[in-house]
>>> print(open('upload-v7.txt').read())   # compact mmCIF, C-alpha atoms
# COMPACT_ATOMS: atom_id res chain seq x y z
CA MET A 1 -119.73 -101.39 48.32
CA ALA A 2 -117.72 -99.00 46.19
CA TYR A 3 -117.01 -95.58 47.63
CA PRO A 4 -119.05 -92.86 45.85
CA GLU A 5 -117.43 -90.70 43.20
CA VAL A 6 -116.20 -87.29 44.35
CA LYS A 7 -116.62 -85.03 41.34
CA ASN A 8 -115.17 -81.69 42.40
CA ILE A 9 -113.44 -79.69 45.12
CA GLU A 10 -116.71 -78.74 46.80
CA GLU A 11 -117.66 -82.39 47.19
CA PHE A 12 -114.10 -83.16 48.34
CA LYS A 13 -114.49 -80.73 51.23
CA GLN A 14 -117.56 -82.69 52.37
CA GLN A 15 -115.66 -85.99 52.60
CA PRO A 16 -114.42 -87.52 55.86
CA GLU A 17 -111.13 -86.19 57.21
CA GLU A 18 -109.48 -89.54 56.49
CA TYR A 19 -110.44 -89.34 52.80
CA GLN A 20 -109.13 -85.79 52.49
CA THR A 21 -105.87 -86.68 54.20
CA ALA A 22 -105.38 -89.69 51.93
CA VAL A 23 -105.93 -87.62 48.77
CA LYS A 24 -103.53 -84.97 50.05
CA LYS A 25 -100.80 -87.57 50.62
CA ILE A 26 -101.10 -88.84 47.05
CA VAL A 27 -101.18 -85.38 45.50
CA ARG A 28 -98.26 -84.15 47.63
CA SER A 29 -96.14 -87.16 46.70
CA HIS A 30 -96.76 -86.79 42.95
CA SER A 31 -96.17 -83.03 43.04
CA ILE A 32 -92.80 -83.43 44.78
CA ASN A 33 -91.57 -86.43 42.80
CA GLU A 34 -92.45 -84.96 39.39
CA LEU A 35 -90.44 -81.87 40.25
CA TYR A 36 -87.53 -83.90 41.62
CA GLY A 37 -87.49 -85.97 38.43
CA ALA A 38 -87.45 -82.89 36.20
CA ARG A 39 -84.68 -81.21 38.21
CA VAL A 40 -82.45 -84.19 38.95
CA PHE A 41 -82.72 -86.08 35.66
CA ASP A 42 -84.48 -84.30 32.80
CA GLU A 43 -82.94 -80.81 32.98
CA PRO A 44 -79.33 -82.03 33.43
CA ALA A 45 -79.84 -84.56 30.61
CA ILE A 46 -80.14 -81.76 28.05
CA ALA A 47 -76.40 -81.12 28.42
CA PHE A 48 -75.55 -84.82 27.97
CA ALA A 49 -77.75 -85.32 24.90
CA PRO A 50 -75.45 -85.92 21.91
CA THR A 51 -77.28 -84.04 19.12
CA PRO A 52 -79.57 -81.00 18.75
CA TYR A 53 -82.40 -83.45 18.01
CA ALA A 54 -81.87 -85.28 21.30
CA LYS A 55 -81.33 -82.01 23.18
CA TRP A 56 -84.60 -80.44 21.97
CA LEU A 57 -86.47 -83.66 22.55
CA THR A 58 -85.12 -83.74 26.09
CA CYS A 59 -86.13 -80.07 26.54
CA ARG A 60 -89.67 -81.08 25.61
CA VAL A 61 -89.63 -84.10 27.93
CA ALA A 62 -88.28 -81.94 30.81
CA MET A 63 -91.03 -79.40 30.24
CA GLU A 64 -93.68 -82.14 30.18
CA GLU A 65 -92.38 -83.56 33.46
CA TYR A 66 -92.31 -80.08 34.95
CA HIS A 67 -95.84 -79.53 33.71
CA HIS A 68 -96.93 -82.71 35.50
CA HIS A 69 -95.66 -81.13 38.70
CA VAL A 70 -97.59 -77.94 37.88
CA ARG A 71 -100.80 -79.94 37.38
CA PHE A 72 -100.46 -81.74 40.71
CA LYS A 73 -99.41 -78.55 42.49
CA LYS A 74 -102.44 -76.67 41.16
CA LEU A 75 -104.68 -79.39 42.56
CA ALA A 76 -102.71 -79.28 45.80
CA ASP A 77 -103.44 -75.56 46.08
CA GLU A 78 -107.14 -76.16 45.45
CA ILE A 79 -107.46 -78.80 48.16
CA GLY A 80 -105.56 -76.76 50.72
CA ILE A 81 -102.08 -78.28 50.87
CA PRO A 82 -99.58 -75.63 52.03
CA GLU A 83 -97.25 -74.55 49.21
CA ASP A 84 -94.04 -75.59 50.97
CA GLU A 85 -95.32 -79.17 51.17
CA THR A 86 -95.70 -79.50 47.40
CA VAL A 87 -92.09 -78.85 46.43
CA PRO A 88 -88.86 -80.59 47.47
CA ASN A 89 -87.93 -79.64 51.00
CA PRO A 90 -84.21 -79.68 51.92
CA SER A 91 -85.07 -80.91 55.40
CA LYS A 92 -86.88 -83.97 54.07
CA LYS A 93 -85.03 -86.90 52.51
CA PRO A 94 -86.12 -87.58 48.92
CA LEU A 95 -86.59 -91.02 47.37
CA SER A 96 -83.15 -92.64 47.15
CA ILE A 97 -83.01 -92.54 43.37
CA PHE A 98 -83.08 -88.72 43.39
CA GLU A 99 -79.91 -88.56 45.51
CA TYR A 100 -77.61 -89.62 42.68
CA PRO A 101 -76.81 -86.86 40.19
CA LEU A 102 -77.09 -87.84 36.55
CA LYS A 103 -73.69 -88.33 34.88
CA THR A 104 -74.28 -89.63 31.36
CA TRP A 105 -76.75 -89.78 28.46
CA GLU A 106 -76.85 -93.57 28.82
CA GLU A 107 -78.01 -93.20 32.43
CA PHE A 108 -80.76 -90.83 31.37
CA CYS A 109 -82.08 -93.14 28.64
CA THR A 110 -82.03 -96.06 31.07
CA ILE A 111 -83.90 -94.05 33.71
CA LYS A 112 -86.54 -93.18 31.11
CA LEU A 113 -86.75 -96.85 30.20
CA VAL A 114 -87.31 -98.22 33.69
CA ALA A 115 -88.16 -95.36 36.09
CA ASP A 116 -90.83 -93.85 33.85
CA TYR A 117 -92.27 -97.33 33.55
CA ALA A 118 -92.69 -97.31 37.33
CA GLU A 119 -94.39 -93.94 37.02
CA ILE A 120 -96.77 -95.37 34.41
CA LEU A 121 -97.91 -98.02 36.89
CA GLN A 122 -98.43 -95.41 39.60
CA VAL A 123 -100.48 -93.21 37.30
CA GLU A 124 -102.34 -96.22 35.87
CA ASP A 125 -103.56 -97.02 39.37
CA LEU A 126 -105.19 -93.57 39.58
CA LEU A 127 -107.11 -93.82 36.29
CA HIS A 128 -110.24 -95.00 38.12
CA CYS A 129 -109.71 -92.96 41.29
CA THR A 130 -112.94 -91.85 43.01
CA PHE A 131 -111.67 -88.26 43.26
CA HIS A 132 -112.30 -86.99 39.74
CA PRO A 133 -109.90 -84.02 39.69
CA LEU A 134 -107.06 -86.43 40.58
CA ARG A 135 -108.36 -89.07 38.16
CA ASN A 136 -108.42 -86.50 35.37
CA ILE A 137 -104.83 -85.41 36.01
CA ALA A 138 -103.80 -89.07 35.83
CA ARG A 139 -105.64 -89.47 32.52
CA LEU A 140 -104.00 -86.37 31.07
CA THR A 141 -100.56 -87.39 32.30
CA MET A 142 -100.68 -91.01 31.16
CA PRO A 143 -100.05 -90.55 27.40
CA GLU A 144 -97.01 -88.37 28.13
CA GLU A 145 -95.59 -90.84 30.63
CA LYS A 146 -96.02 -93.60 28.06
CA PHE A 147 -94.18 -91.51 25.51
CA HIS A 148 -91.31 -90.93 27.95
CA ALA A 149 -90.97 -94.67 28.55
CA GLN A 150 -91.08 -95.26 24.78
CA PHE A 151 -88.38 -92.58 24.42
CA GLY A 152 -86.28 -94.59 26.89
CA LYS A 153 -86.85 -97.80 24.97
CA ASP A 154 -86.08 -96.29 21.56
CA PHE A 155 -82.95 -94.43 22.64
CA CYS A 156 -81.67 -97.41 24.63
CA THR A 157 -82.24 -99.58 21.55
CA GLU A 158 -80.10 -97.13 19.59
CA LEU A 159 -77.36 -97.18 22.24
CA LEU A 160 -77.39 -100.96 22.32
CA GLN A 161 -76.21 -101.09 18.70
CA THR A 162 -72.61 -100.81 19.93
CA ALA A 163 -70.74 -103.01 22.42
CA ASP A 164 -69.70 -99.94 24.42
CA GLY A 165 -73.30 -98.67 24.52
CA LYS A 166 -74.53 -102.04 25.74
CA VAL A 167 -72.02 -102.06 28.60
CA LYS A 168 -72.99 -98.52 29.64
CA VAL A 169 -76.75 -99.15 29.53
CA GLN A 170 -76.37 -102.36 31.56
CA GLU A 171 -74.20 -100.49 34.09
CA ALA A 172 -76.85 -97.79 34.39
CA LEU A 173 -79.53 -100.42 34.85
CA ASP A 174 -77.44 -102.11 37.55
CA GLN A 175 -77.01 -98.77 39.31
CA TYR A 176 -80.53 -97.38 39.19
CA PHE A 177 -82.94 -100.29 39.01
CA PRO A 178 -82.42 -101.53 42.60
CA TYR A 179 -83.92 -98.27 43.89
CA LEU A 180 -87.10 -98.54 41.88
CA PRO A 181 -89.11 -101.30 43.56
CA SER A 182 -89.24 -99.19 46.73
CA PHE A 183 -91.09 -96.56 44.66
CA PHE A 184 -94.23 -98.58 45.31
CA GLY A 185 -94.16 -98.20 49.09
CA GLY A 186 -93.84 -100.69 51.90
CA ALA A 187 -95.56 -104.05 52.24
CA ASN A 188 -98.75 -104.09 54.34
CA SER A 189 -98.89 -100.34 54.12
CA LYS A 190 -101.57 -98.67 56.23
CA ASN A 191 -101.73 -95.76 53.78
CA ASN A 192 -102.30 -98.08 50.84
CA GLU A 193 -105.09 -99.84 52.76
CA ILE A 194 -106.84 -96.49 53.24
CA TYR A 195 -106.33 -95.54 49.58
CA ARG A 196 -108.05 -98.76 48.49
CA LYS A 197 -110.81 -98.42 51.08
CA TYR A 198 -111.80 -95.12 49.47
CA GLY A 199 -111.25 -96.24 45.88
CA LEU A 200 -108.39 -93.80 45.40
CA LYS A 201 -106.08 -96.61 44.33
CA GLN A 202 -106.92 -100.06 43.08
CA ARG A 203 -104.00 -102.30 43.97
CA SER A 204 -101.77 -103.07 46.95
CA ASN A 205 -98.15 -101.95 46.95
CA GLU A 206 -97.03 -105.58 46.77
CA GLU A 207 -99.22 -106.30 43.73
CA MET A 208 -97.92 -103.25 41.92
CA ARG A 209 -94.29 -104.00 42.75
CA GLU A 210 -94.64 -107.60 41.57
CA ASP A 211 -96.36 -106.49 38.37
CA TYR A 212 -93.67 -103.85 37.77
CA ILE A 213 -90.78 -106.26 38.20
CA GLU A 214 -92.45 -108.75 35.86
CA ARG A 215 -93.25 -106.19 33.17
CA VAL A 216 -89.95 -104.33 33.31
CA GLY A 217 -88.08 -107.66 33.39
CA ALA A 218 -89.78 -108.66 30.13
CA LEU A 219 -89.06 -105.22 28.67
CA VAL A 220 -85.33 -105.20 29.40
CA GLY A 221 -85.11 -108.89 28.43
CA SER A 222 -86.50 -108.01 25.00
CA LEU A 223 -83.57 -105.59 24.62
CA GLY A 224 -80.99 -108.20 25.58
CA LEU A 225 -80.42 -106.72 29.05
CA ARG A 226 -80.89 -108.25 32.48
CA LEU A 227 -82.28 -106.89 35.72
CA PRO A 228 -79.80 -106.79 38.61
CA GLU A 229 -80.38 -108.26 42.01
CA ILE A 230 -82.65 -106.05 44.06
CA ARG A 231 -81.13 -104.78 47.29
CA GLN A 232 -83.12 -103.14 50.00
CA ALA A 233 -83.12 -99.40 49.51
CA ALA A 234 -84.98 -96.66 51.34
CA MET B 1 -66.42 -56.69 40.04
CA ASP B 2 -69.37 -58.15 41.96
CA VAL B 3 -72.56 -58.62 40.02
CA VAL B 4 -75.53 -57.26 41.95
CA PRO B 5 -78.58 -59.48 41.38
CA MET B 6 -81.51 -57.59 39.94
CA ARG B 7 -85.18 -58.25 40.40
CA PRO B 8 -86.41 -60.12 37.34
CA ARG B 9 -88.53 -58.03 35.03
CA ALA B 10 -91.89 -59.40 33.99
CA VAL B 11 -91.95 -60.75 30.46
CA PRO B 12 -94.14 -58.40 28.42
CA LEU B 13 -97.09 -59.72 26.49
CA ASP B 14 -96.56 -58.12 23.11
CA GLY B 15 -100.04 -58.95 21.82
CA ALA B 16 -98.79 -60.56 18.61
CA VAL B 17 -99.94 -64.15 18.11
CA PRO B 18 -96.92 -66.28 17.17
CA ALA B 19 -97.32 -68.06 13.84
CA TRP B 20 -95.49 -71.20 15.01
CA PHE B 21 -94.16 -73.40 12.19
CA SER B 22 -96.39 -71.73 9.59
CA VAL B 23 -93.77 -70.86 6.94
CA LEU B 24 -91.39 -73.80 7.19
CA GLY B 25 -89.52 -74.31 3.95
CA LEU B 26 -90.25 -70.81 2.66
CA ALA B 27 -87.57 -68.19 2.08
CA PRO B 28 -87.25 -65.60 4.87
CA THR B 29 -88.57 -62.08 4.29
CA ARG B 30 -86.23 -59.08 4.61
CA VAL B 31 -87.14 -58.57 8.28
CA GLU B 32 -86.78 -62.27 9.01
CA GLY B 33 -83.42 -62.16 7.25
CA GLU B 34 -82.37 -59.38 9.63
CA ASP B 35 -83.47 -61.43 12.63
CA LEU B 36 -81.51 -64.39 11.27
CA ALA B 37 -78.39 -62.27 10.73
CA ALA B 38 -78.60 -60.89 14.28
CA TYR B 39 -79.08 -64.38 15.68
CA ILE B 40 -76.11 -65.75 13.73
CA ALA B 41 -73.95 -62.83 14.87
CA GLY B 42 -74.96 -63.55 18.47
CA LEU B 43 -73.83 -67.14 18.03
CA GLN B 44 -70.42 -65.77 16.95
CA LEU B 45 -70.45 -67.82 13.75
CA PRO B 46 -68.09 -66.71 10.97
CA ALA B 47 -69.26 -63.67 9.02
CA GLY B 48 -70.84 -64.59 5.71
CA VAL B 49 -71.73 -68.11 6.81
CA PRO B 50 -73.87 -69.71 4.06
CA ILE B 51 -77.59 -70.03 4.82
CA VAL B 52 -79.22 -73.25 3.66
CA GLN B 53 -82.98 -73.49 3.41
CA VAL B 54 -84.44 -76.81 4.57
CA GLU B 55 -87.63 -77.76 2.78
CA ASP B 56 -89.07 -80.75 4.59
CA TRP B 57 -89.36 -82.46 7.97
CA THR B 58 -87.37 -85.52 6.93
CA HIS B 59 -84.36 -83.36 6.11
CA ALA B 60 -84.78 -81.40 9.39
CA SER B 61 -84.86 -84.68 11.31
CA LYS B 62 -81.80 -86.19 9.60
CA LEU B 63 -79.78 -83.01 9.92
CA THR B 64 -80.42 -82.42 13.63
CA ARG B 65 -80.00 -86.10 14.45
CA ALA B 66 -76.67 -86.71 12.71
CA PRO B 67 -74.04 -87.69 15.30
CA GLY B 68 -70.67 -86.03 15.69
CA GLY B 69 -71.64 -82.52 14.62
CA ASP B 70 -70.13 -79.22 15.77
CA LEU B 71 -72.13 -78.14 18.85
CA SER B 72 -70.18 -74.94 19.54
CA TRP B 73 -73.25 -72.86 18.56
CA TRP B 74 -75.31 -74.73 21.14
CA ASP B 75 -72.60 -74.20 23.75
CA ARG B 76 -72.56 -70.48 22.96
CA GLU B 77 -76.30 -70.31 23.73
CA GLU B 78 -75.72 -72.24 26.92
CA GLU B 79 -73.01 -69.77 28.01
CA GLU B 80 -75.45 -66.93 27.44
CA ARG B 81 -78.20 -68.70 29.33
CA LYS B 82 -75.90 -69.08 32.32
CA ARG B 83 -74.76 -65.46 32.13
CA LEU B 84 -78.33 -64.15 31.96
CA THR B 85 -79.44 -66.46 34.76
CA ALA B 86 -76.68 -65.12 37.01
CA LEU B 87 -77.65 -61.57 36.06
CA VAL B 88 -81.30 -62.08 37.00
CA GLY B 89 -80.31 -63.57 40.33
CA ASP B 90 -83.64 -64.16 42.07
CA ALA B 91 -83.97 -67.86 41.24
CA ASP B 92 -87.49 -68.40 42.61
CA ALA B 93 -89.04 -65.38 40.92
CA MET B 94 -87.20 -66.22 37.72
CA MET B 95 -88.42 -69.80 37.73
CA LYS B 96 -92.02 -68.71 38.25
CA GLU B 97 -91.83 -66.21 35.40
CA LEU B 98 -90.11 -68.67 33.04
CA THR B 99 -92.65 -71.33 33.89
CA ARG B 100 -95.48 -68.93 33.15
CA ALA B 101 -93.92 -67.95 29.83
CA THR B 102 -93.44 -71.52 28.61
CA ASP B 103 -96.44 -73.19 30.24
CA GLU B 104 -98.87 -70.88 28.48
CA ILE B 105 -97.70 -71.94 25.05
CA ALA B 106 -96.89 -75.63 25.59
CA GLU B 107 -100.01 -77.11 24.04
CA THR B 108 -100.26 -74.48 21.29
CA VAL B 109 -96.71 -75.04 20.13
CA HIS B 110 -97.05 -78.80 20.16
CA GLY B 111 -100.33 -78.59 18.25
CA ALA B 112 -98.86 -76.21 15.67
CA ALA B 113 -95.87 -78.50 15.10
CA ALA B 114 -98.19 -81.51 14.70
CA VAL B 115 -100.39 -79.67 12.19
CA ALA B 116 -97.41 -78.38 10.18
CA ALA B 117 -95.83 -81.84 10.07
CA THR B 118 -99.09 -83.54 9.11
CA ARG B 119 -99.60 -81.07 6.25
CA GLN B 120 -96.30 -82.27 4.81
CA GLY B 121 -97.24 -85.91 5.33
CA CYS B 122 -95.00 -86.36 8.38
CA GLY B 123 -96.55 -88.17 11.34
CA ASP B 124 -93.37 -88.84 13.30
CA PRO B 125 -94.21 -88.08 16.96
CA TYR B 126 -90.52 -87.61 17.76
CA ILE B 127 -89.72 -84.81 15.33
CA ILE B 128 -92.97 -83.06 16.36
CA ARG B 129 -91.79 -83.09 19.97
CA VAL B 130 -88.30 -82.02 18.91
CA ALA B 131 -89.82 -79.02 17.11
CA ALA B 132 -92.01 -78.16 20.11
CA GLY B 133 -88.98 -78.46 22.40
CA ALA B 134 -87.00 -76.09 20.19
CA ALA B 135 -89.78 -73.47 20.16
CA MET B 136 -90.26 -73.72 23.91
CA GLN B 137 -86.53 -73.40 24.49
CA ALA B 138 -86.55 -70.23 22.35
CA THR B 139 -89.48 -68.88 24.38
CA HIS B 140 -87.64 -69.66 27.61
CA GLN B 141 -84.46 -67.95 26.34
CA ARG B 142 -86.32 -64.86 25.19
CA ALA B 143 -88.10 -64.59 28.56
CA LEU B 144 -84.75 -64.89 30.31
CA ALA B 145 -83.25 -62.10 28.18
CA TRP B 146 -86.23 -59.88 28.96
CA MET B 147 -85.94 -60.53 32.67
CA ALA B 148 -82.27 -59.63 32.57
CA GLY B 149 -83.19 -56.34 30.90
CA GLU B 150 -81.56 -57.27 27.56
CA ALA B 151 -84.44 -56.72 25.15
CA GLU B 152 -82.08 -56.57 22.15
CA HIS B 153 -80.41 -59.88 22.97
CA PHE B 154 -79.90 -62.40 20.17
CA PHE B 155 -82.24 -64.77 22.03
CA VAL B 156 -85.01 -62.26 21.26
CA ARG B 157 -84.11 -62.33 17.54
CA LYS B 158 -84.06 -66.13 17.59
CA TYR B 159 -87.51 -66.14 19.17
CA GLN B 160 -88.73 -63.76 16.45
CA LEU B 161 -87.79 -66.33 13.83
CA PHE B 162 -89.90 -68.96 15.59
CA ALA B 163 -92.75 -66.47 16.10
CA SER B 164 -92.63 -65.69 12.35
CA GLY B 165 -93.18 -69.37 11.59
CA HIS B 166 -89.62 -70.59 10.88
CA TRP B 167 -87.43 -73.06 12.73
CA PRO B 168 -83.72 -72.10 12.87
CA LEU B 169 -82.09 -75.54 12.97
CA GLY B 170 -78.52 -74.47 13.74
CA PHE B 171 -75.02 -74.74 12.36
CA TYR B 172 -74.02 -77.93 10.54
CA ASN B 173 -71.21 -78.75 8.11
CA GLY B 174 -70.09 -75.13 7.77
CA ALA B 175 -73.53 -73.65 7.06
CA PHE B 176 -76.54 -72.36 8.98
CA TYR B 177 -79.78 -74.22 8.28
CA LEU B 178 -83.19 -72.58 8.37
CA PHE B 179 -86.44 -74.53 8.07
>>> encode(input="upload-v7.txt", output="structure tokens")
Amino acid sequence: MAYPEVKNIEEFKQQPEEYQTAVKKIVRSHSINELYGARVFDEPAIAFAPTPYAKWLTCRVAMEEYHHHVRFKKLADEIGIPEDETVPNPSKKPLSIFEYPLKTWEEFCTIKLVADYAEILQVEDLLHCTFHPLRNIARLTMPEEKFHAQFGKDFCTELLQTADGKVKVQEALDQYFPYLPSFFGGANSKNNEIYRKYGLKQRSNEEMREDYIERVGALVGSLGLRLPEIRQAA
Amino acid sequence: MDVVPMRPRAVPLDGAVPAWFSVLGLAPTRVEGEDLAAYIAGLQLPAGVPIVQVEDWTHASKLTRAPGGDLSWWDREEEERKRLTALVGDADAMMKELTRATDEIAETVHGAAAVAATRQGCGDPYIIRVAAGAAMQATHQRALAWMAGEAEHFFVRKYQLFASGHWPLGFYNGAFYLF
């Protein structure tokens, strides 16, 4: 039987400890990763963008990503997550992809193309979450994430018009893509099992990862690119 | 000389409702012309630089998107942003205040850009976001100048142009373009 809908913070506080802990893990993770993404990729990309058009567009994208963090952080505050757990903590290792400083505009466009696609799948899985405040944030965030991925596709398409651009985009894909499948968490994850038990998430990590690789493979294939071999990354 | 970090000043709420993107394509008034002159002087562009009025979104898009342009005016703003950031010093307090200043207007600015573009028959989601990004950057820069205690900074004059309903597009091909 499906877990009942939890419509607000008051109802959330009446849920079992395990439910509350599971929601907090999801909210904490999104809050931190949205901020990491904005700081490590989007803000630095403004300097690499080649025209005022691309620079202002990247400003807007960076602010949207930062605003996603603000949305998740606000919810984190409401459900009682301590503030220092909702922002990047120097003592805690981030996802591997955030450890490599952005160096070029081509890298940024490629990250938007494939990493934001991974984010879309993560957010998509929350669209029918039993905890309505989290579900609603996912629904608000989804159109912007889709636009960011489209941005990646359109700007990569532009870069691919030259031989040099094609080499650089493929190099960026080779560098960054291998870190992305681990975005979806480990196989047979206990956390994921709990998320599905409470209807917070719909799919297993393995299903999402497989779906992601298939969809992103078709996407990059349509642009004349290829996915690199996936190595194990933390 | 060592620069002593100062506590960031709160960005004042001036009570005036910004008229985002409301007079695009129209000639600037005398006061707007003064704001534009102060902004151009702040960018250290040559005195007497010609002002070109842009009349539609398609032109604004083509102009700002053309590759290989002179970005020295953008770099000048970036230098100032870095100088003001160093002057403010307290990074956490500054970030909170800047976030407040830009977060409050995010949806309004985007909506205003979408409405203005639609009125001219432009439904391009990219240029709407570009416009919103430009207005939010100006808001961010003005807040930063305020926090650094430089209320007469050229970032404030640039913001005034946006708040009046224009979009200063920048320096291209030897002229400054105003939408």
>>> residues_near_point(input="upload-v7.txt", point="(-94.9, -80.3, 44.5)", cutoff="7 Å", atoms="only C-alpha atoms", output="PyMOL selection string")
chain A and resi 28+30-32+35+69+72-73+85-88
>>> interface_residues(input="upload-v7.txt", of="chain A", to="chain B", cutoff="9 Å", atoms="only C-alpha atoms", output="JSON, numbers by chain")
{"A": [50, 51, 52, 53, 54, 55, 56, 57, 58, 59, 60, 61, 63, 64, 66, 67, 151]}
>>> residues_around(input="upload-v7.txt", residues="region 26-35 of chain B", least_positions_apart="2", cutoff="10 Å", atoms="only C-alpha atoms", output="number ranges by chain")
B: 22-24, 37-41, 52-55, 154, 156-162, 164-166, 178-179
>>> atom_distance(input="upload-v7.txt", atom1="CA of Pro168 (chain B)", atom2="CA of Trp73 (chain B)")
11.9 Å
>>> closest_residue(input="upload-v7.txt", among="B:Ala91, B:Phe21, B:His140, B:Gly42", to="Glu152 (chain B)", atoms="all atoms listed in the file")
B:Gly42
>>> residues_near_point(input="upload-v7.txt", point="(-91.8, -83.1, 2.2)", cutoff="7 Å", atoms="all atoms listed in the file", output="ChimeraX atom specification")
/B:55-58,120-121
>>> write_last_selection(input="upload-v7.txt", atoms="C-alpha atoms", output="JSON list (two decimals), keeping the file's coordinate frame")
[["chain", "number", "residue", "atom", "x", "y", "z"],
["B", 55, "GLU", "CA", -87.63, -77.76, 2.78],
["B", 56, "ASP", "CA", -89.07, -80.75, 4.59],
["B", 57, "TRP", "CA", -89.36, -82.46, 7.97],
["B", 58, "THR", "CA", -87.37, -85.52, 6.93],
["B", 120, "GLN", "CA", -96.30, -82.27, 4.81],
["B", 121, "GLY", "CA", -97.24, -85.91, 5.33]]
>>> residues_around(input="upload-v7.txt", residues="Ala163 (chain B)", least_positions_apart="3", cutoff="6 Å", atoms="all atoms listed in the file", output="JSON, numbers by chain")
{"B": [18, 19, 20, 160]}
